[in-house]
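Heads up: the structure comes next, in structure tokens.
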Amino acid sequence: MRHARIATLSDSDWQPTASGQAQLYLSRVPAGKLGALKMDYDFKGGGGFVVVRQNCARTLPAEYGLQFRLRGSGSINDLEIKLVDASGLNVWRRVIKRLESPRRWRRFNIASEELEFGWGPAGGERMSELGAVEFAVVAGEGGAGSLFIADVRIEDQTPPTPRISASSARPGFGAAQMLGGGWKPGAGDERPWVSIDAHGPRRIGGLIIDWLGQA
């Protein structure tokens with residue numbers, strides 16, 4: 001299933017922040033046809049975090065995904081991926097605990113339902129207007145290391161309407177109405193069946209089927 005791209009983030013428009021004694025240096029390096037952001041960090045024997053942030057004002061669909069490629073080296077620390085809404089007050093995030101930075105490029109795809117509400121007055125309601133994207137390295141073992149981030153993009157992952165077909169149907173209870181008002185097979189259909197084609201893999205919260213005998 002192909003997804004429409006909403007935005008591709010530049011590899012050069014990131015702003016750094018570091019807490020306490022931690023240090024962070026940013027640079028741009030080649031990475032195939034696209035460039036990559038390089039984060040060189042050093043926690044100087046302490047804790048804290050280092051963050052890169054890029055403003056990215058976009059309207060978000062009901063379902064979306066954040067994709068990026070990553071590689072690096074250094075100690076084992078936590079990686080936090082955060083989406084900040086247009087107000088700058090509400091944050092949704094995905095925390096990858098004890099990340100062992102892959103030596104070779106690895107692609108990540110974080111779906112919107114995998115983002116948990118972090119904090120803010122929105123109280124967990126779905127984000128509709130994106131304001132910024134952040135990547136944070138939070139000290140676990142601490143130490144020093146390098147992280148490369150490339151090909152950061154946001155995609156519309158709203159699934160298409162399923163295509164539904166059936167062996168037969170009674171008037172007013174066709175297959176197309178199965179997900180709403182209900183479907184009933186024809187009176188003479190001795191082997192009724194229904195087929196639901198989602199056009200490709202998709203995440204669902206659950207599926208309830210009430211299969212009743214013909215009336």
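Each chain in the structure tokens gets a letter, A, B and so on, in the order shown; residues start at 1 in every chain, and ligands are counted from 1 in the order they appear.
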If you run DSSP over the backbone, which residues in stretch 41-150 of chain A end up strand (DSSP E or B)? Put them as an mmCIF file with N, CA and C atoms, in the first residue's frame.
```cif
data_model
loop_
_atom_site.group_PDB
_atom_site.id
_atom_site.type_symbol
_atom_site.label_atom_id
_atom_site.label_comp_id
_atom_site.auth_asym_id
_atom_site.auth_seq_id
_atom_site.Cartn_x
_atom_site.Cartn_y
_atom_site.Cartn_z
ATOM 1 N N TYR A 41 27.549 13.854 20.502
ATOM 2 C CA TYR A 41 27.171 14.261 21.856
ATOM 3 C C TYR A 41 28.153 13.700 22.877
ATOM 4 N N ASP A 42 28.219 14.372 24.013
ATOM 5 C CA ASP A 42 29.077 13.945 25.117
ATOM 6 C C ASP A 42 28.394 14.380 26.414
ATOM 7 N N PHE A 49 20.168 15.206 28.791
ATOM 8 C CA PHE A 49 19.690 14.876 27.456
ATOM 9 C C PHE A 49 20.270 15.857 26.446
ATOM 10 N N VAL A 50 20.238 15.446 25.190
ATOM 11 C CA VAL A 50 20.541 16.334 24.069
ATOM 12 C C VAL A 50 19.399 16.194 23.066
ATOM 13 N N VAL A 51 19.011 17.312 22.462
ATOM 14 C CA VAL A 51 17.819 17.328 21.609
ATOM 15 C C VAL A 51 18.105 18.089 20.326
ATOM 16 N N VAL A 52 17.545 17.598 19.221
ATOM 17 C CA VAL A 52 17.496 18.378 17.985
ATOM 18 C C VAL A 52 16.027 18.584 17.631
ATOM 19 N N ARG A 53 15.732 19.766 17.113
ATOM 20 C CA ARG A 53 14.333 20.139 16.835
ATOM 21 C C ARG A 53 14.260 20.828 15.483
ATOM 22 N N GLN A 54 13.233 20.480 14.724
ATOM 23 C CA GLN A 54 12.970 21.176 13.464
ATOM 24 C C GLN A 54 11.492 21.559 13.405
ATOM 25 N N ASN A 55 11.244 22.837 13.153
ATOM 26 C CA ASN A 55 9.864 23.297 12.994
ATOM 27 C C ASN A 55 9.293 22.744 11.698
ATOM 28 N N CYS A 56 8.047 22.303 11.771
ATOM 29 C CA CYS A 56 7.431 21.668 10.597
ATOM 30 C C CYS A 56 5.922 21.827 10.711
ATOM 31 N N ALA A 57 5.406 22.980 10.311
ATOM 32 C CA ALA A 57 3.977 23.256 10.442
ATOM 33 C C ALA A 57 3.208 22.520 9.349
ATOM 34 N N ARG A 58 2.373 21.569 9.764
ATOM 35 C CA ARG A 58 1.595 20.779 8.822
ATOM 36 C C ARG A 58 0.273 20.371 9.450
ATOM 37 N N THR A 59 -0.763 20.252 8.623
ATOM 38 C CA THR A 59 -2.014 19.644 9.064
ATOM 39 C C THR A 59 -1.875 18.134 8.936
ATOM 40 N N TYR A 64 -1.252 8.733 10.424
ATOM 41 C CA TYR A 64 -0.032 9.125 9.729
ATOM 42 C C TYR A 64 1.140 8.327 10.303
ATOM 43 N N GLY A 65 2.276 8.436 9.656
ATOM 44 C CA GLY A 65 3.471 7.743 10.125
ATOM 45 C C GLY A 65 4.695 8.632 9.994
ATOM 46 N N LEU A 66 5.617 8.501 10.948
ATOM 47 C CA LEU A 66 6.901 9.203 10.894
ATOM 48 C C LEU A 66 7.970 8.178 10.550
ATOM 49 N N GLN A 67 8.673 8.415 9.456
ATOM 50 C CA GLN A 67 9.722 7.497 9.011
ATOM 51 C C GLN A 67 11.067 8.198 9.041
ATOM 52 N N PHE A 68 12.116 7.423 9.337
ATOM 53 C CA PHE A 68 13.476 7.950 9.278
ATOM 54 C C PHE A 68 14.446 6.785 9.253
ATOM 55 N N ARG A 69 15.678 7.080 8.821
ATOM 56 C CA ARG A 69 16.766 6.103 8.883
ATOM 57 C C ARG A 69 17.761 6.548 9.942
ATOM 58 N N LEU A 70 18.391 5.570 10.599
ATOM 59 C CA LEU A 70 19.266 5.897 11.718
ATOM 60 C C LEU A 70 20.424 4.910 11.790
ATOM 61 N N ARG A 71 21.578 5.421 12.145
ATOM 62 C CA ARG A 71 22.724 4.593 12.506
ATOM 63 C C ARG A 71 23.577 5.386 13.486
ATOM 64 N N GLY A 72 24.549 4.731 14.135
ATOM 65 C CA GLY A 72 25.369 5.474 15.079
ATOM 66 C C GLY A 72 26.332 4.591 15.836
ATOM 67 N N SER A 73 26.931 5.163 16.846
ATOM 68 C CA SER A 73 27.881 4.441 17.691
ATOM 69 C C SER A 73 27.917 5.127 19.052
ATOM 70 N N GLY A 74 28.348 4.389 20.059
ATOM 71 C CA GLY A 74 28.447 4.968 21.388
ATOM 72 C C GLY A 74 27.757 4.116 22.428
ATOM 73 N N ASN A 77 21.818 4.376 25.278
ATOM 74 C CA ASN A 77 20.980 5.421 25.857
ATOM 75 C C ASN A 77 19.566 5.294 25.302
ATOM 76 N N ASP A 78 18.649 6.095 25.826
ATOM 77 C CA ASP A 78 17.272 6.099 25.322
ATOM 78 C C ASP A 78 17.149 7.096 24.173
ATOM 79 N N LEU A 79 16.323 6.741 23.203
ATOM 80 C CA LEU A 79 16.005 7.650 22.100
ATOM 81 C C LEU A 79 14.531 8.024 22.202
ATOM 82 N N GLU A 80 14.239 9.301 22.234
ATOM 83 C CA GLU A 80 12.869 9.787 22.266
ATOM 84 C C GLU A 80 12.572 10.536 20.974
ATOM 85 N N ILE A 81 11.472 10.140 20.319
ATOM 86 C CA ILE A 81 11.001 10.835 19.134
ATOM 87 C C ILE A 81 9.734 11.573 19.545
ATOM 88 N N LYS A 82 9.726 12.891 19.391
ATOM 89 C CA LYS A 82 8.613 13.692 19.890
ATOM 90 C C LYS A 82 8.017 14.554 18.780
ATOM 91 N N LEU A 83 6.695 14.601 18.758
ATOM 92 C CA LEU A 83 5.956 15.500 17.875
ATOM 93 C C LEU A 83 5.263 16.543 18.741
ATOM 94 N N VAL A 84 5.506 17.800 18.423
ATOM 95 C CA VAL A 84 4.958 18.922 19.180
ATOM 96 C C VAL A 84 3.880 19.588 18.330
ATOM 97 N N ASP A 85 2.738 19.890 18.934
ATOM 98 C CA ASP A 85 1.669 20.481 18.147
ATOM 99 C C ASP A 85 1.930 21.960 17.866
ATOM 100 N N VAL A 91 2.734 17.513 23.588
ATOM 101 C CA VAL A 91 3.766 16.644 23.034
ATOM 102 C C VAL A 91 3.283 15.195 23.018
ATOM 103 N N TRP A 92 3.466 14.551 21.863
ATOM 104 C CA TRP A 92 3.264 13.110 21.725
ATOM 105 C C TRP A 92 4.635 12.503 21.461
ATOM 106 N N ARG A 93 4.896 11.305 21.978
ATOM 107 C CA ARG A 93 6.243 10.773 21.838
ATOM 108 C C ARG A 93 6.259 9.256 21.747
ATOM 109 N N ARG A 94 7.374 8.770 21.254
ATOM 110 C CA ARG A 94 7.691 7.342 21.248
ATOM 111 C C ARG A 94 9.077 7.215 21.863
ATOM 112 N N VAL A 95 9.209 6.401 22.903
ATOM 113 C CA VAL A 95 10.475 6.222 23.600
ATOM 114 C C VAL A 95 11.028 4.842 23.268
ATOM 115 N N ILE A 96 12.248 4.818 22.748
ATOM 116 C CA ILE A 96 12.943 3.554 22.493
ATOM 117 C C ILE A 96 13.988 3.399 23.587
ATOM 118 N N LYS A 97 13.708 2.515 24.537
ATOM 119 C CA LYS A 97 14.575 2.332 25.682
ATOM 120 C C LYS A 97 15.853 1.582 25.298
ATOM 121 N N ARG A 98 16.943 2.015 25.882
ATOM 122 C CA ARG A 98 18.229 1.341 25.757
ATOM 123 C C ARG A 98 18.543 0.989 24.286
ATOM 124 N N LEU A 99 18.565 2.006 23.487
ATOM 125 C CA LEU A 99 18.848 1.802 22.066
ATOM 126 C C LEU A 99 20.321 1.486 21.854
ATOM 127 N N ARG A 106 19.373 1.745 9.549
ATOM 128 C CA ARG A 106 18.154 1.004 9.870
ATOM 129 C C ARG A 106 16.974 1.953 9.727
ATOM 130 N N ARG A 107 15.916 1.477 9.054
ATOM 131 C CA ARG A 107 14.739 2.326 8.843
ATOM 132 C C ARG A 107 13.714 2.088 9.959
ATOM 133 N N PHE A 108 13.172 3.177 10.465
ATOM 134 C CA PHE A 108 12.133 3.136 11.482
ATOM 135 C C PHE A 108 10.852 3.706 10.893
ATOM 136 N N ASN A 109 9.727 3.107 11.245
ATOM 137 C CA ASN A 109 8.418 3.601 10.828
ATOM 138 C C ASN A 109 7.523 3.617 12.058
ATOM 139 N N ILE A 110 7.211 4.803 12.558
ATOM 140 C CA ILE A 110 6.411 4.943 13.765
ATOM 141 C C ILE A 110 5.023 5.434 13.359
ATOM 142 N N ALA A 111 4.023 4.582 13.539
ATOM 143 C CA ALA A 111 2.653 4.946 13.202
ATOM 144 C C ALA A 111 2.070 5.859 14.283
ATOM 145 N N GLU A 116 2.515 7.955 22.159
ATOM 146 C CA GLU A 116 1.741 8.169 23.376
ATOM 147 C C GLU A 116 1.751 9.646 23.742
ATOM 148 N N PHE A 117 0.673 10.095 24.365
ATOM 149 C CA PHE A 117 0.606 11.488 24.780
ATOM 150 C C PHE A 117 1.573 11.700 25.934
ATOM 151 N N GLY A 118 2.439 12.706 25.799
ATOM 152 C CA GLY A 118 3.430 12.976 26.825
ATOM 153 C C GLY A 118 2.938 13.956 27.866
ATOM 154 N N TRP A 119 2.605 15.171 27.424
ATOM 155 C CA TRP A 119 2.132 16.196 28.352
ATOM 156 C C TRP A 119 1.503 17.332 27.571
ATOM 157 N N GLU A 129 -2.704 19.544 14.177
ATOM 158 C CA GLU A 129 -1.780 20.512 13.591
ATOM 159 C C GLU A 129 -0.388 20.308 14.194
ATOM 160 N N LEU A 130 0.533 19.861 13.365
ATOM 161 C CA LEU A 130 1.908 19.635 13.805
ATOM 162 C C LEU A 130 2.689 20.941 13.811
ATOM 163 N N GLY A 131 3.541 21.113 14.840
ATOM 164 C CA GLY A 131 4.376 22.299 14.908
ATOM 165 C C GLY A 131 5.853 22.019 14.765
ATOM 166 N N ALA A 132 6.325 20.874 15.312
ATOM 167 C CA ALA A 132 7.754 20.570 15.281
ATOM 168 C C ALA A 132 7.979 19.087 15.525
ATOM 169 N N VAL A 133 9.163 18.625 15.097
ATOM 170 C CA VAL A 133 9.618 17.251 15.333
ATOM 171 C C VAL A 133 10.931 17.317 16.104
ATOM 172 N N GLU A 134 11.074 16.461 17.106
ATOM 173 C CA GLU A 134 12.286 16.439 17.920
ATOM 174 C C GLU A 134 12.820 15.020 18.039
ATOM 175 N N PHE A 135 14.147 14.914 18.076
ATOM 176 C CA PHE A 135 14.836 13.673 18.427
ATOM 177 C C PHE A 135 15.693 13.977 19.657
ATOM 178 N N ALA A 136 15.548 13.165 20.690
ATOM 179 C CA ALA A 136 16.301 13.391 21.926
ATOM 180 C C ALA A 136 17.048 12.128 22.324
ATOM 181 N N VAL A 137 18.312 12.284 22.681
ATOM 182 C CA VAL A 137 19.091 11.209 23.285
ATOM 183 C C VAL A 137 19.118 11.489 24.782
ATOM 184 N N VAL A 138 18.539 10.570 25.561
ATOM 185 C CA VAL A 138 18.445 10.735 27.007
ATOM 186 C C VAL A 138 19.426 9.766 27.664
ATOM 187 N N ALA A 144 29.815 9.269 25.466
ATOM 188 C CA ALA A 144 29.858 10.057 24.232
ATOM 189 C C ALA A 144 29.529 9.154 23.053
ATOM 190 N N GLY A 145 29.057 9.755 21.980
ATOM 191 C CA GLY A 145 28.735 8.970 20.800
ATOM 192 C C GLY A 145 28.285 9.846 19.655
ATOM 193 N N SER A 146 27.912 9.191 18.575
ATOM 194 C CA SER A 146 27.429 9.886 17.378
ATOM 195 C C SER A 146 26.163 9.204 16.893
ATOM 196 N N LEU A 147 25.224 10.007 16.441
ATOM 197 C CA LEU A 147 23.985 9.492 15.891
ATOM 198 C C LEU A 147 23.742 10.169 14.554
ATOM 199 N N PHE A 148 23.441 9.369 13.531
ATOM 200 C CA PHE A 148 23.153 9.874 12.197
ATOM 201 C C PHE A 148 21.662 9.654 11.919
ATOM 202 N N ILE A 149 20.975 10.702 11.473
ATOM 203 C CA ILE A 149 19.547 10.625 11.177
ATOM 204 C C ILE A 149 19.338 11.134 9.756
ATOM 205 N N ALA A 150 18.623 10.353 8.950
ATOM 206 C CA ALA A 150 18.432 10.728 7.544
ATOM 207 C C ALA A 150 17.020 10.391 7.090
#
```
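For the set A:Gly88, A:Pro160, A:Gly142, A:Gly124, the residue with the smallest atom-to-atom gap to A:Gln21 is A:Gly142, counting only C-alpha atoms.
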- All residues 8 Å or closer to stretch 162-170 of chain A, only C-alpha atoms, same chain fewer than 2 positions away omitted, as a ChimeraX atom specification: /A:160,172-176,183-187,189,191-199
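Atom CA of A:Ala86 is found 16.6 Å from atom CA of A:Leu115.
Residue nearest A:Glu114, chosen from A:Glu63, A:Pro171, A:Asp11, A:Gly48 and counting only C-alpha atoms: A:Glu63.
Minimum distance to A:Met127 across A:Val152, A:Ala36, A:Leu60, A:Leu89 (counting only C-alpha atoms) occurs at A:Leu60.
Backbone DSSP of stretch 25-190 of chain A yields helix (DSSP H, G or I) at A:Ser112, A:Glu113, A:Glu114, A:Ala175, A:Ala176, A:Gln177.
Proximity to A:Ala139 was assessed for A:Phe43, A:Val29, A:Arg153, A:Ser112 counting only C-alpha atoms; the smallest distance is recorded for A:Phe43.
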